[in-house]
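Enquirer: Enclosed is the structure file structure-v9.cif (mmCIF, C-alpha atoms).
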data_my_file
loop_
_atom_site.label_atom_id
_atom_site.label_comp_id
_atom_site.auth_asym_id
_atom_site.auth_seq_id
_atom_site.Cartn_x
_atom_site.Cartn_y
_atom_site.Cartn_z
CA MET A 1 -6.08 -21.80 50.21
CA ILE A 2 -9.51 -22.87 49.00
CA LYS A 3 -10.28 -19.29 47.99
CA GLN A 4 -7.00 -19.13 46.02
CA LYS A 5 -7.84 -22.41 44.24
CA LYS A 6 -11.27 -21.03 43.43
CA ILE A 7 -9.79 -17.86 41.93
CA LEU A 8 -7.27 -19.97 39.96
CA PHE A 9 -10.06 -22.21 38.71
CA THR A 10 -12.18 -19.21 37.72
CA GLY A 11 -9.20 -17.68 35.89
CA LYS A 12 -8.44 -20.93 34.03
CA THR A 13 -12.08 -21.46 33.14
CA PHE A 14 -12.37 -17.90 31.88
CA ALA A 15 -9.25 -18.36 29.72
CA LYS A 16 -10.62 -21.64 28.35
CA ILE A 17 -13.99 -20.09 27.55
CA THR A 18 -12.29 -17.12 25.84
CA LEU A 19 -10.07 -19.41 23.75
CA ALA A 20 -13.01 -21.60 22.82
CA THR A 21 -15.05 -18.54 21.82
CA ILE A 22 -12.21 -17.17 19.69
CA ALA A 23 -11.72 -20.56 18.03
CA ALA A 24 -15.45 -20.94 17.38
CA LEU A 25 -15.71 -17.44 15.94
CA SER A 26 -12.71 -17.92 13.64
CA ILE A 27 -14.07 -21.30 12.46
CA ASN A 28 -17.42 -19.60 11.79
CA THR A 29 -15.70 -16.76 9.90
CA SER A 30 -13.57 -19.03 7.75
CA ALA A 31 -16.54 -21.34 7.13
CA ALA A 32 -18.65 -18.39 6.00
CA ALA A 33 -15.78 -17.09 3.85
CA SER A 34 -15.39 -20.44 2.07
CA GLU A 35 -19.18 -20.73 1.78
CA ALA A 36 -19.12 -17.35 -0.04
CA SER A 37 -16.84 -18.82 -2.73
CA SER A 38 -19.54 -21.19 -3.90
CA LEU A 39 -22.38 -18.64 -4.07
CA ASP A 40 -23.86 -17.43 -7.33
CA VAL A 41 -23.98 -13.66 -6.78
CA ARG A 42 -26.56 -13.06 -9.51
CA LYS A 43 -28.96 -15.50 -7.87
CA VAL A 44 -28.48 -14.83 -4.16
CA CYS A 45 -28.44 -11.04 -4.52
CA ASP A 46 -31.47 -10.91 -6.82
CA VAL A 47 -33.95 -8.66 -4.98
CA GLN A 48 -36.97 -9.70 -7.08
CA GLN A 49 -36.36 -13.38 -6.45
CA ASN A 50 -35.31 -13.32 -2.78
CA GLY A 51 -36.90 -10.20 -1.34
CA ILE A 52 -34.99 -7.13 -0.22
CA GLN A 53 -34.70 -8.11 3.45
CA LYS A 54 -33.05 -11.43 2.68
CA VAL A 55 -30.62 -9.77 0.27
CA ILE A 56 -29.57 -7.07 2.72
CA ASP A 57 -29.16 -9.67 5.49
CA MET A 58 -26.89 -11.61 3.14
CA ALA A 59 -24.90 -8.41 2.51
CA ALA A 60 -24.52 -7.74 6.23
CA LYS A 61 -23.39 -11.32 6.92
CA TYR A 62 -20.63 -11.42 4.31
CA ASN A 63 -19.50 -7.81 4.52
CA GLN A 64 -18.73 -8.29 8.18
CA ILE A 65 -16.12 -10.87 7.13
CA ALA A 66 -14.87 -8.77 4.21
CA LYS A 67 -14.37 -5.82 6.55
CA LYS A 68 -12.51 -7.93 9.08
CA GLU A 69 -10.21 -9.26 6.35
CA GLY A 70 -9.50 -5.75 5.01
CA LEU A 71 -11.36 -6.45 1.76
CA GLU A 72 -14.38 -4.17 2.01
CA PHE A 73 -15.37 -2.53 -1.28
CA MET A 74 -16.27 1.10 -1.79
CA ARG A 75 -17.80 3.01 -4.66
CA LEU A 76 -18.66 6.66 -5.20
CA GLY A 77 -17.11 7.40 -1.81
CA MET A 78 -19.41 4.96 0.04
CA LYS A 79 -18.26 1.78 1.74
CA THR A 80 -20.34 -1.39 1.47
CA SER A 81 -21.20 -1.02 5.16
CA GLN A 82 -22.62 2.43 4.41
CA TYR A 83 -24.73 0.99 1.58
CA ILE A 84 -26.04 -1.63 4.03
CA LEU A 85 -26.93 0.89 6.74
CA ALA A 86 -28.54 3.28 4.27
CA THR A 87 -30.59 0.45 2.73
CA GLN A 88 -31.72 -0.86 6.13
CA LYS A 89 -32.76 2.67 7.10
CA SER A 90 -34.59 3.09 3.81
CA ILE A 91 -36.47 -0.22 4.27
CA LYS A 92 -37.45 0.77 7.81
CA GLU A 93 -38.73 4.16 6.70
CA GLY A 94 -40.44 2.75 3.61
CA SER A 95 -38.40 4.96 1.32
CA LYS A 96 -37.84 3.97 -2.31
CA THR A 97 -34.41 5.62 -2.62
CA VAL A 98 -31.02 5.70 -0.94
CA ASP A 99 -28.78 8.77 -0.98
CA ILE A 100 -25.18 8.44 -2.11
CA VAL A 101 -23.01 10.60 0.16
CA ASN A 102 -19.30 11.48 0.02
CA LYS A 103 -16.89 11.36 2.96
CA LYS A 104 -18.09 14.80 4.07
CA LYS A 105 -21.64 13.36 4.23
CA LYS A 106 -22.66 15.55 1.31
CA LYS A 107 -25.27 14.03 -1.00
CA THR A 108 -23.82 13.36 -4.44
CA GLY A 109 -26.53 11.17 -5.98
CA THR A 110 -29.48 8.82 -5.48
CA VAL A 111 -30.14 5.16 -6.29
CA SER A 112 -33.22 3.01 -5.75
CA THR A 113 -33.33 1.06 -2.47
CA GLN A 114 -33.50 -2.20 -4.43
CA TYR A 115 -30.37 -1.28 -6.39
CA ALA A 116 -28.52 -0.29 -3.20
CA ALA A 117 -29.40 -3.69 -1.69
CA TRP A 118 -28.12 -5.49 -4.81
CA ARG A 119 -24.91 -3.46 -4.77
CA ALA A 120 -24.29 -4.09 -1.06
CA CYS A 121 -24.89 -7.82 -1.45
CA SER A 122 -22.84 -8.29 -4.61
CA PHE A 123 -19.98 -6.19 -3.21
CA ALA A 124 -19.89 -8.12 0.07
CA ILE A 125 -19.78 -11.57 -1.56
CA THR A 126 -17.54 -10.63 -4.50
CA ALA A 127 -14.91 -9.19 -2.13
CA LEU A 128 -14.55 -12.63 -0.52
CA GLN A 129 -14.72 -14.58 -3.78
CA GLN A 130 -12.07 -12.38 -5.36
CA ALA A 131 -9.71 -12.75 -2.42
CA SER A 132 -10.06 -16.50 -2.57
CA GLN A 133 -9.33 -16.58 -6.34
CA ALA A 134 -6.37 -14.20 -5.91
CA LYS A 135 -4.56 -16.68 -3.67
CA THR A 136 -3.75 -18.66 -6.80
CA THR A 137 -3.71 -15.93 -9.48
CA TRP A 138 -1.55 -13.11 -8.08
CA ARG A 139 1.72 -14.73 -9.12
CA MET A 140 0.57 -14.68 -12.74
CA ALA A 141 1.09 -10.90 -12.75
CA THR A 142 4.60 -11.02 -11.28
CA PRO A 143 7.59 -10.50 -13.61
CA GLY A 144 10.20 -13.17 -12.93
CA ASP A 145 7.49 -15.50 -11.63
CA GLY A 146 4.22 -16.24 -13.43
CA PHE A 147 4.18 -13.26 -15.80
CA ALA A 148 5.67 -14.00 -19.21
CA TYR A 149 6.12 -11.36 -21.92
CA MET B 1 47.52 -21.04 18.68
CA LEU B 2 44.55 -19.87 20.76
CA LEU B 3 44.55 -16.57 18.90
CA LYS B 4 44.45 -18.46 15.59
CA ILE B 5 41.44 -20.51 16.74
CA VAL B 6 39.60 -17.37 17.91
CA LYS B 7 40.35 -15.63 14.61
CA THR B 8 39.13 -18.63 12.58
CA ILE B 9 35.92 -18.92 14.62
CA THR B 10 35.25 -15.17 14.29
CA LEU B 11 35.82 -15.36 10.55
CA LEU B 12 33.49 -18.36 10.27
CA VAL B 13 30.76 -16.60 12.29
CA LEU B 14 31.06 -13.42 10.23
CA THR B 15 31.03 -15.34 6.92
CA SER B 16 28.08 -17.44 8.01
CA SER B 17 26.04 -14.40 9.12
CA ALA B 18 26.91 -12.59 5.87
CA ILE B 19 25.77 -15.64 3.86
CA ASN B 20 22.58 -15.86 5.92
CA ALA B 21 21.86 -12.13 5.53
CA ALA B 22 22.32 -12.51 1.78
CA GLU B 23 19.99 -15.51 1.75
CA PHE B 24 17.07 -13.62 3.30
CA ASN B 25 16.81 -11.25 0.38
CA THR B 26 17.49 -13.80 -2.38
CA GLN B 27 13.88 -13.82 -3.59
CA ALA B 28 13.55 -10.04 -3.26
CA GLU B 29 16.70 -9.55 -5.35
CA LYS B 30 15.39 -11.96 -7.95
CA ASP B 31 12.14 -9.96 -8.08
CA ARG B 32 13.93 -6.63 -8.31
CA LEU B 33 16.22 -7.73 -11.14
CA ALA B 34 13.29 -9.24 -13.05
CA LEU B 35 11.43 -5.96 -12.70
CA ILE B 36 14.39 -3.92 -13.99
CA LYS B 37 14.69 -6.31 -16.95
CA TYR B 38 10.95 -5.98 -17.68
CA PHE B 39 10.84 -2.18 -17.60
CA GLU B 40 14.09 -1.76 -19.56
CA ALA B 41 12.65 -4.06 -22.25
CA LYS B 42 9.27 -2.29 -22.20
CA PHE B 43 10.68 1.21 -22.62
CA GLU B 44 13.61 0.38 -24.85
CA ASP B 45 11.55 1.24 -27.93
CA PRO B 46 7.75 1.30 -27.40
CA GLU B 47 7.12 1.60 -31.15
CA LYS B 48 9.19 -1.47 -31.93
CA ASN B 49 7.66 -3.43 -29.02
CA ARG B 50 4.05 -2.40 -29.57
CA ASN B 51 2.68 -5.94 -29.97
CA THR B 52 4.20 -7.07 -26.70
CA PHE B 53 3.65 -4.03 -24.50
CA PHE B 54 1.45 -1.36 -26.12
CA PRO B 55 -1.13 -3.06 -28.37
CA TYR B 56 -3.76 -0.32 -27.93
CA SER B 57 -1.58 2.78 -28.36
CA THR B 58 -1.67 4.79 -31.57
CA ASP B 59 1.27 4.84 -34.00
CA GLU B 60 1.61 8.58 -33.54
CA GLU B 61 1.76 8.25 -29.77
CA LEU B 62 4.36 5.50 -29.83
CA LYS B 63 6.47 7.43 -32.33
CA THR B 64 6.42 10.82 -30.64
CA ALA B 65 5.30 10.66 -27.01
CA PHE B 66 7.96 8.39 -25.50
CA ILE B 67 11.55 8.92 -24.46
CA LYS B 68 13.35 5.76 -25.61
CA GLY B 69 16.22 3.64 -24.32
CA ILE B 70 15.59 4.21 -20.60
CA LYS B 71 17.90 2.46 -18.17
CA HIS B 72 17.44 1.40 -14.57
CA GLN B 73 18.49 4.60 -12.76
CA ASP B 74 16.40 6.83 -15.06
CA PHE B 75 13.21 5.29 -13.64
CA SER B 76 13.66 7.21 -10.38
CA LYS B 77 11.81 10.08 -12.10
CA GLY B 78 8.56 8.09 -12.17
CA ASN B 79 6.61 8.42 -15.40
CA TYR B 80 8.63 11.50 -16.36
CA ALA B 81 11.39 9.04 -17.22
CA PHE B 82 9.54 8.09 -20.44
CA ASN B 83 6.73 10.64 -20.82
CA LYS B 84 8.08 13.28 -23.24
CA ASP B 85 5.38 15.95 -22.74
CA GLY B 86 5.09 15.32 -19.03
CA ARG B 87 8.87 15.62 -18.68
CA ALA B 88 8.93 19.00 -20.39
CA GLN B 89 6.23 20.35 -18.05
CA TYR B 90 7.96 18.75 -15.07
CA ASP B 91 11.30 20.36 -15.91
CA GLU B 92 9.59 23.74 -16.17
CA ILE B 93 7.86 23.43 -12.77
CA LYS B 94 11.11 22.19 -11.20
CA GLU B 95 12.71 25.56 -11.95
CA MET B 96 10.59 27.02 -9.14
CA PRO B 97 9.20 24.02 -7.26
CA PRO B 98 6.18 24.69 -5.04
CA TYR B 99 7.53 22.53 -2.19
CA GLU B 100 10.59 24.62 -1.31
CA ASP B 101 8.89 26.33 1.60
CA ALA B 102 7.84 22.94 2.94
CA ILE B 103 11.49 21.81 3.13
CA GLU B 104 12.36 24.91 5.17
CA GLU B 105 9.37 24.36 7.43
CA GLY B 106 10.44 20.72 7.80
CA GLU B 107 13.90 21.84 8.88
CA ALA B 108 12.36 24.20 11.45
CA LEU B 109 10.20 21.33 12.79
CA TYR B 110 13.31 19.15 13.06
CA SER B 111 15.11 21.74 15.20
CA LYS B 112 12.12 22.90 17.25
CA GLN B 113 12.32 21.92 20.90
CA PHE B 114 9.69 19.65 22.44
CA LYS B 115 8.20 20.62 25.80
CA ASN B 116 10.80 18.42 27.49
CA GLY B 117 13.66 20.36 25.88
CA LYS B 118 14.60 17.64 23.41
CA SER B 119 13.94 17.74 19.65
CA PHE B 120 13.70 15.33 16.73
CA GLU B 121 17.49 15.27 16.72
CA SER B 122 17.34 13.03 19.80
CA CYS B 123 15.52 10.37 17.71
CA PHE B 124 17.07 11.08 14.30
CA PRO B 125 20.63 12.36 14.72
CA ASP B 126 21.23 11.62 11.02
CA THR B 127 18.94 13.55 8.70
CA THR B 128 19.91 11.59 5.59
CA ILE B 129 17.60 8.68 6.34
CA GLY B 130 15.19 9.10 3.41
CA GLY B 131 16.32 5.91 1.68
CA MET B 132 16.48 3.68 4.76
CA TYR B 133 12.78 3.39 5.57
CA PRO B 134 10.68 1.29 5.91
CA ILE B 135 12.85 -0.85 8.16
CA PHE B 136 12.01 -4.23 9.64
CA ASP B 137 12.31 -3.98 13.41
CA GLU B 138 13.60 -7.36 14.54
CA SER B 139 12.72 -6.87 18.21
CA ARG B 140 9.10 -5.96 17.45
CA LYS B 141 8.84 -8.30 14.44
CA GLU B 142 7.16 -5.64 12.35
CA VAL B 143 7.83 -3.14 9.58
CA VAL B 144 8.33 0.44 10.77
CA THR B 145 7.77 3.28 8.31
CA ILE B 146 9.35 6.70 8.56
CA GLY B 147 5.99 8.25 9.47
CA GLN B 148 5.50 5.74 12.24
CA ALA B 149 9.04 6.37 13.55
CA ILE B 150 8.37 10.13 13.57
CA ASN B 151 5.14 9.66 15.51
CA GLU B 152 6.82 7.30 17.96
CA CYS B 153 9.46 9.95 18.54
CA LEU B 154 6.75 12.50 19.26
CA SER B 155 4.92 10.14 21.64
CA SER B 156 8.04 9.12 23.52
CA ASN B 157 8.75 12.81 24.13
CA GLY B 158 5.26 13.53 25.42
CA GLU B 159 4.07 15.24 22.23
CA LYS B 160 0.87 14.66 20.28
CA LYS B 161 1.13 12.42 17.19
CA TRP B 162 0.78 13.93 13.71
CA LYS B 163 -1.58 12.92 10.93
CA MET B 164 0.27 10.37 8.78
CA THR B 165 -0.70 11.75 5.38
CA LYS B 166 0.01 15.49 5.17
CA GLY B 167 0.81 18.66 7.10
CA ASN B 168 3.78 18.59 9.49
CA MET B 169 4.39 14.90 8.77
CA ALA B 170 4.89 15.56 5.05
CA LYS B 171 7.02 18.63 5.75
CA LEU B 172 9.44 16.83 8.06
CA GLN B 173 9.67 13.91 5.62
CA ALA B 174 10.35 16.44 2.83
CA TYR B 175 13.29 17.76 4.82
CA PHE B 176 14.67 14.24 5.37
CA ALA B 177 14.21 13.40 1.68
CA TYR B 178 15.93 16.60 0.61
CA GLU B 179 18.87 16.02 2.95
CA THR B 180 19.18 12.45 1.65
CA MET B 181 19.10 13.60 -1.97
CA GLU B 182 21.73 16.27 -1.26
CA ALA B 183 23.94 13.61 0.32
CA GLU B 184 23.50 11.62 -2.95
CA LYS B 185 22.32 8.57 -1.07
CA LYS B 186 20.41 5.70 -2.62
CA VAL B 187 17.41 3.67 -1.49
CA ASP B 188 18.75 0.96 0.79
CA ILE B 189 16.04 -1.29 2.20
CA LYS B 190 17.27 -4.29 4.17
CA ILE B 191 15.84 -7.79 4.56
CA THR B 192 17.91 -9.51 7.22
CA SER B 193 15.75 -12.26 8.70
CA THR B 194 13.09 -14.85 7.88
CA ASP B 195 10.44 -12.60 9.46
CA ALA B 196 11.52 -9.64 7.34
CA ALA B 197 11.44 -11.82 4.21
CA ALA B 198 7.93 -12.98 5.13
CA ALA B 199 6.78 -9.35 5.58
CA TYR B 200 8.26 -8.54 2.15
CA GLU B 201 6.40 -11.49 0.59
CA ARG B 202 3.09 -10.37 2.12
CA GLY B 203 3.67 -6.87 0.75
CA LYS B 204 4.40 -8.34 -2.68
CA GLU B 205 1.23 -10.43 -2.59
CA TYR B 206 -0.78 -7.33 -1.66
CA TYR B 207 0.71 -5.42 -4.61
CA TYR B 208 -0.09 -8.13 -7.16
CA THR B 209 -3.52 -9.09 -5.79
CA GLN B 210 -6.62 -7.95 -7.66
CA ARG B 211 -8.95 -6.10 -5.32
CA GLY B 212 -11.89 -3.72 -5.13
CA TYR B 213 -15.00 -3.67 -7.30
CA LEU B 214 -12.84 -2.85 -10.33
CA LYS B 215 -10.76 -5.98 -9.71
CA PHE B 216 -7.49 -4.18 -10.30
CA SER B 217 -4.21 -4.88 -8.61
CA CYS B 218 -1.55 -2.20 -8.11
CA ALA B 219 0.36 -4.07 -10.84
CA SER B 220 -2.52 -3.79 -13.33
CA CYS B 221 -1.68 -0.08 -13.64
CA HIS B 222 1.94 0.15 -12.54
CA VAL B 223 3.54 -3.00 -14.01
CA GLN B 224 1.51 -4.27 -16.98
CA GLY B 225 -0.22 -0.88 -17.34
CA ALA B 226 2.83 1.35 -16.90
CA GLY B 227 3.23 3.71 -19.84
CA LYS B 228 -0.32 3.12 -21.01
CA ARG B 229 -2.76 5.99 -20.98
CA VAL B 230 -5.76 6.63 -18.73
CA ARG B 231 -7.50 9.61 -20.31
CA ASN B 232 -4.53 11.87 -20.94
CA GLU B 233 -2.22 10.56 -18.23
CA LYS B 234 0.45 7.92 -18.67
CA MET B 235 0.69 5.60 -15.71
CA SER B 236 3.94 5.39 -13.77
CA GLN B 237 6.00 2.27 -13.19
CA LEU B 238 6.60 0.40 -9.94
CA LEU B 239 10.35 0.75 -10.34
CA GLY B 240 11.33 4.04 -8.68
CA GLN B 241 7.82 4.72 -7.41
CA THR B 242 8.93 5.43 -3.84
CA THR B 243 12.17 7.35 -4.49
CA HIS B 244 10.65 10.81 -4.62
CA PHE B 245 8.15 10.97 -1.75
CA PRO B 246 6.70 13.04 -0.19
CA VAL B 247 5.34 14.73 -3.31
CA TYR B 248 3.57 17.98 -4.01
CA ARG B 249 0.54 16.96 -6.09
CA LEU B 250 -1.24 19.54 -8.17
CA LYS B 251 -4.46 17.62 -7.46
CA TRP B 252 -3.92 18.05 -3.71
CA SER B 253 -2.54 21.60 -3.97
CA GLY B 254 -0.09 20.47 -1.34
CA LEU B 255 2.40 17.96 -0.07
CA GLY B 256 1.46 14.38 0.81
CA THR B 257 3.17 11.23 2.03
CA LEU B 258 3.43 7.85 0.33
CA GLU B 259 0.66 6.54 2.62
CA ARG B 260 -1.66 9.28 1.33
CA ARG B 261 -0.92 8.37 -2.28
CA MET B 262 -1.33 4.64 -1.72
CA GLY B 263 -4.60 5.17 0.14
CA GLY B 264 -5.89 7.09 -2.89
CA CYS B 265 -4.73 4.37 -5.29
CA ILE B 266 -6.48 1.61 -3.34
CA LYS B 267 -9.68 3.69 -3.21
CA ASP B 268 -9.41 4.03 -7.00
CA GLU B 269 -9.42 0.23 -7.20
CA GLY B 270 -12.74 0.31 -5.33
CA GLN B 271 -11.59 -0.93 -1.94
CA VAL B 272 -11.44 0.69 1.48
CA PRO B 273 -7.70 1.35 1.97
CA PRO B 274 -5.84 -0.07 4.95
CA LYS B 275 -4.90 2.34 7.75
CA SER B 276 -1.53 4.09 7.40
CA VAL B 277 0.06 2.15 10.26
CA SER B 278 -1.61 -1.21 9.57
CA ASP B 279 0.56 -4.21 8.71
CA ASP B 280 -1.02 -4.35 5.23
CA MET B 281 0.02 -0.79 4.39
CA LYS B 282 3.47 -0.99 5.98
CA GLU B 283 4.33 -4.29 4.31
CA LEU B 284 3.11 -2.98 0.97
CA LEU B 285 5.44 0.03 1.31
CA TYR B 286 8.28 -2.27 2.41
CA PHE B 287 7.92 -4.30 -0.80
CA MET B 288 7.58 -1.23 -3.02
CA SER B 289 10.59 0.47 -1.44
CA TYR B 290 12.73 -2.64 -1.82
CA MET B 291 11.96 -2.62 -5.55
CA SER B 292 13.56 0.85 -5.69
CA ASN B 293 16.75 -0.29 -3.96
CA ASP B 294 19.97 1.11 -5.41
CA MET B 295 18.14 4.03 -7.05
CA PRO B 296 18.91 7.62 -6.01
CA VAL B 297 16.60 9.26 -3.47
CA ASP B 298 15.03 12.09 -5.42
CA GLY B 299 12.53 13.75 -3.14
CA PRO B 300 10.57 15.76 -2.44
CA ASP B 301 9.14 16.08 -5.89
CA ILE B 302 6.15 17.21 -7.87
CA ARG B 303 3.41 15.19 -9.53
CA LYS B 304 0.11 15.95 -11.20
#
Mind turning the file's structure into structure tokens?

Expert:
Amino acid sequence: MIKQKKILFTGKTFAKITLATIAALSINTSAAASEASSLDVRKVCDVQQNGIQKVIDMAAKYNQIAKKEGLEFMRLGMKTSQYILATQKSIKEGSKTVDIVNKKKKKTGTVSTQYAAWRACSFAITALQQASQAKTTWRMATPGDGFAY
Amino acid sequence: MLLKIVKTITLLVLTSSAINAAEFNTQAEKDRLALIKYFEAKFEDPEKNRNTFFPYSTDEELKTAFIKGIKHQDFSKGNYAFNKDGRAQYDEIKEMPPYEDAIEEGEALYSKQFKNGKSFESCFPDTTIGGMYPIFDESRKEVVTIGQAINECLSSNGEKKWKMTKGNMAKLQAYFAYETMEAEKKVDIKITSTDAAAAYERGKEYYYTQRGYLKFSCASCHVQGAGKRVRNEKMSQLLGQTTHFPVYRLKWSGLGTLERRMGGCIKDEGQVPPKSVSDDMKELLYFMSYMSNDMPVDGPDIRK
């Protein structure tokens, strides 16, 4: 009987902890998403002003949310997450450039590591800012609703 | 007396459920009719309406490159409804369309026995289903696309799923589309519950939301941008956009499904596209297909 109670207690506690973790994570995510709305991309993603490590950390933080929300950007066949990984690798190896690769991993171009960090950071934050703006603007493009002609 | 009461109650229940069913698609119908009105106005006479719809087109282009006076049903041809040059090339290719073999292969896939002795016929006894999908499955509370239904049929019969974008999937869908076109059926997407209406609304929001690093929405090109030129190509219109899939694209040198095309479009906007069986993609296709309701199924077809 005592053993059963113990198992029941453990089960309930585990469920409570899981729920609390999920709630905390979603609060964190939505807080970070709304925090992104107020950022000035030109300032916070400026590599000269903030240093490349801080900029790429910023990119990683916000792109994680963008990816989860299905908003991740891509350009020249590379996702923002690929720009982040390639930049982090480049910083680690002390390289001055990042290769642009297509979906078959074939190199199609090169950009400077600083530029790749700027792109990753601005893409990650803009994706969230845009989504937040779109909540109120999308109807303006809809015939029969906000779109007049 | 008892019979009269039963009859009255039955009538009331039937009337009430019919009214309710009609209510669920009220907004969708409003959207669809507004879209028809917009495109009929836009393509009535592009030269006459240049200030409203085509401010950046040349006089020559507006005078010579457009087919005028297009009505609702004509839009099932995509941009070949209004694109004079494109239509001429399209008509020529249609004399010997490159997808004919794919329809035959699709028919063979339909009849081929699974390892358990059954075939696709056990899941799809009617082959004229091209205009019915996507459906909203009330028991699962989710949109189900034709590709998803095909893969679920394969799985439930112990077979391996197919890739959602091309190959066998596109071939079998081509066969269904062809059979539906031959039966002269129209697109008939249903919204019969609050959940289905909510899925439609989410799909609509996705279509009209600006996304990607280019900050384009699907509507930027295919509502406001329809008929305008990108390089030498005129962009197609939302109305009738789903009636002719799967399509053989010259760019692909092969047949592809609607999911493949939409994935490409979203990439062009500069965003990672949603997965083919994600809610985002399925609800987007649900909205787009509803907009083509009452238009003839016209697939498979060919596009550049």

Enquirer: Expressed in Å to a single decimal, how great is the separation between CA of Lys204 in chain B and CA of Lys161 in chain B?

Expert: 28.9 Å

Enquirer: For chain B, work out the contacting residues on chain A at 6 Å, counting only C-alpha atoms, and write them as a PyMOL selection string.

Expert: chain A and resi 72-75+134+138+143-144

Enquirer: For those residues, write C-alpha atoms to a file as a PDB file, in the coordinates of the input.

Expert:
ATOM      1  CA  GLU A  72     -14.380  -4.170   2.010  1.00  0.00           C
ATOM      2  CA  PHE A  73     -15.370  -2.530  -1.280  1.00  0.00           C
ATOM      3  CA  MET A  74     -16.270   1.100  -1.790  1.00  0.00           C
ATOM      4  CA  ARG A  75     -17.800   3.010  -4.660  1.00  0.00           C
ATOM      5  CA  ALA A 134      -6.370 -14.200  -5.910  1.00  0.00           C
ATOM      6  CA  TRP A 138      -1.550 -13.110  -8.080  1.00  0.00           C
ATOM      7  CA  PRO A 143       7.590 -10.500 -13.610  1.00  0.00           C
ATOM      8  CA  GLY A 144      10.200 -13.170 -12.930  1.00  0.00           C
TER       9      GLY A 144
END

Enquirer: Of the candidates B:Glu142, B:Phe216, B:Tyr200, B:Cys153, which one gets nearest to Ala131 in chain A if we count only C-alpha atoms?

Expert: B:Phe216

Enquirer: Around (-20.0, -20.8, -5.5) in the file's own coordinates, what residues are found within 12 Å if you use all atoms listed in the file, given back as JSON, numbers by chain?

Expert: {"A": [32, 33, 34, 35, 36, 37, 38, 39, 40, 41, 42, 43, 44, 125, 126, 128, 129, 130, 132, 133]}

Enquirer: Can you measure CA of Lys171 in chain B to CA of Cys218 in chain B for me? One decimal in Å is fine.

Expert: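 Going from CA of Lys171 in chain B over to CA of Cys218 in chain B, I get 26.4 Å.
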
Enquirer: Selected by the PyMOL selection byres ((chain A and resi 82-89) around 8) in the shown coordinates: which residues, as an NGL selection string?

Expert: :A and (56 or 59-60 or 78-81 or 90-93 or 98-99 or 113 or 116-117 or 119-120)

Enquirer: To one decimal place, how far is CA of Thr58 in chain B from CA of Glu40 in chain B in Å?

Expert: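 We find that CA of Thr58 in chain B and CA of Glu40 in chain B lie 20.9 Å from each other.
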
Enquirer: List the residues matched by the PyMOL selection byres ((chain B and resi 299) around 6) in the displayed structure as a count of residues only, ordered by chain and then by residue number.

Expert: 7

Enquirer: Go through the shown structure with the PyMOL selection byres ((chain B and resi 228) around 12) and write out the matching residues as a PyMOL selection string.

Expert: chain B and resi 42-43+46+50+53-58+61-62+65-66+79+82-83+220-227+229-237
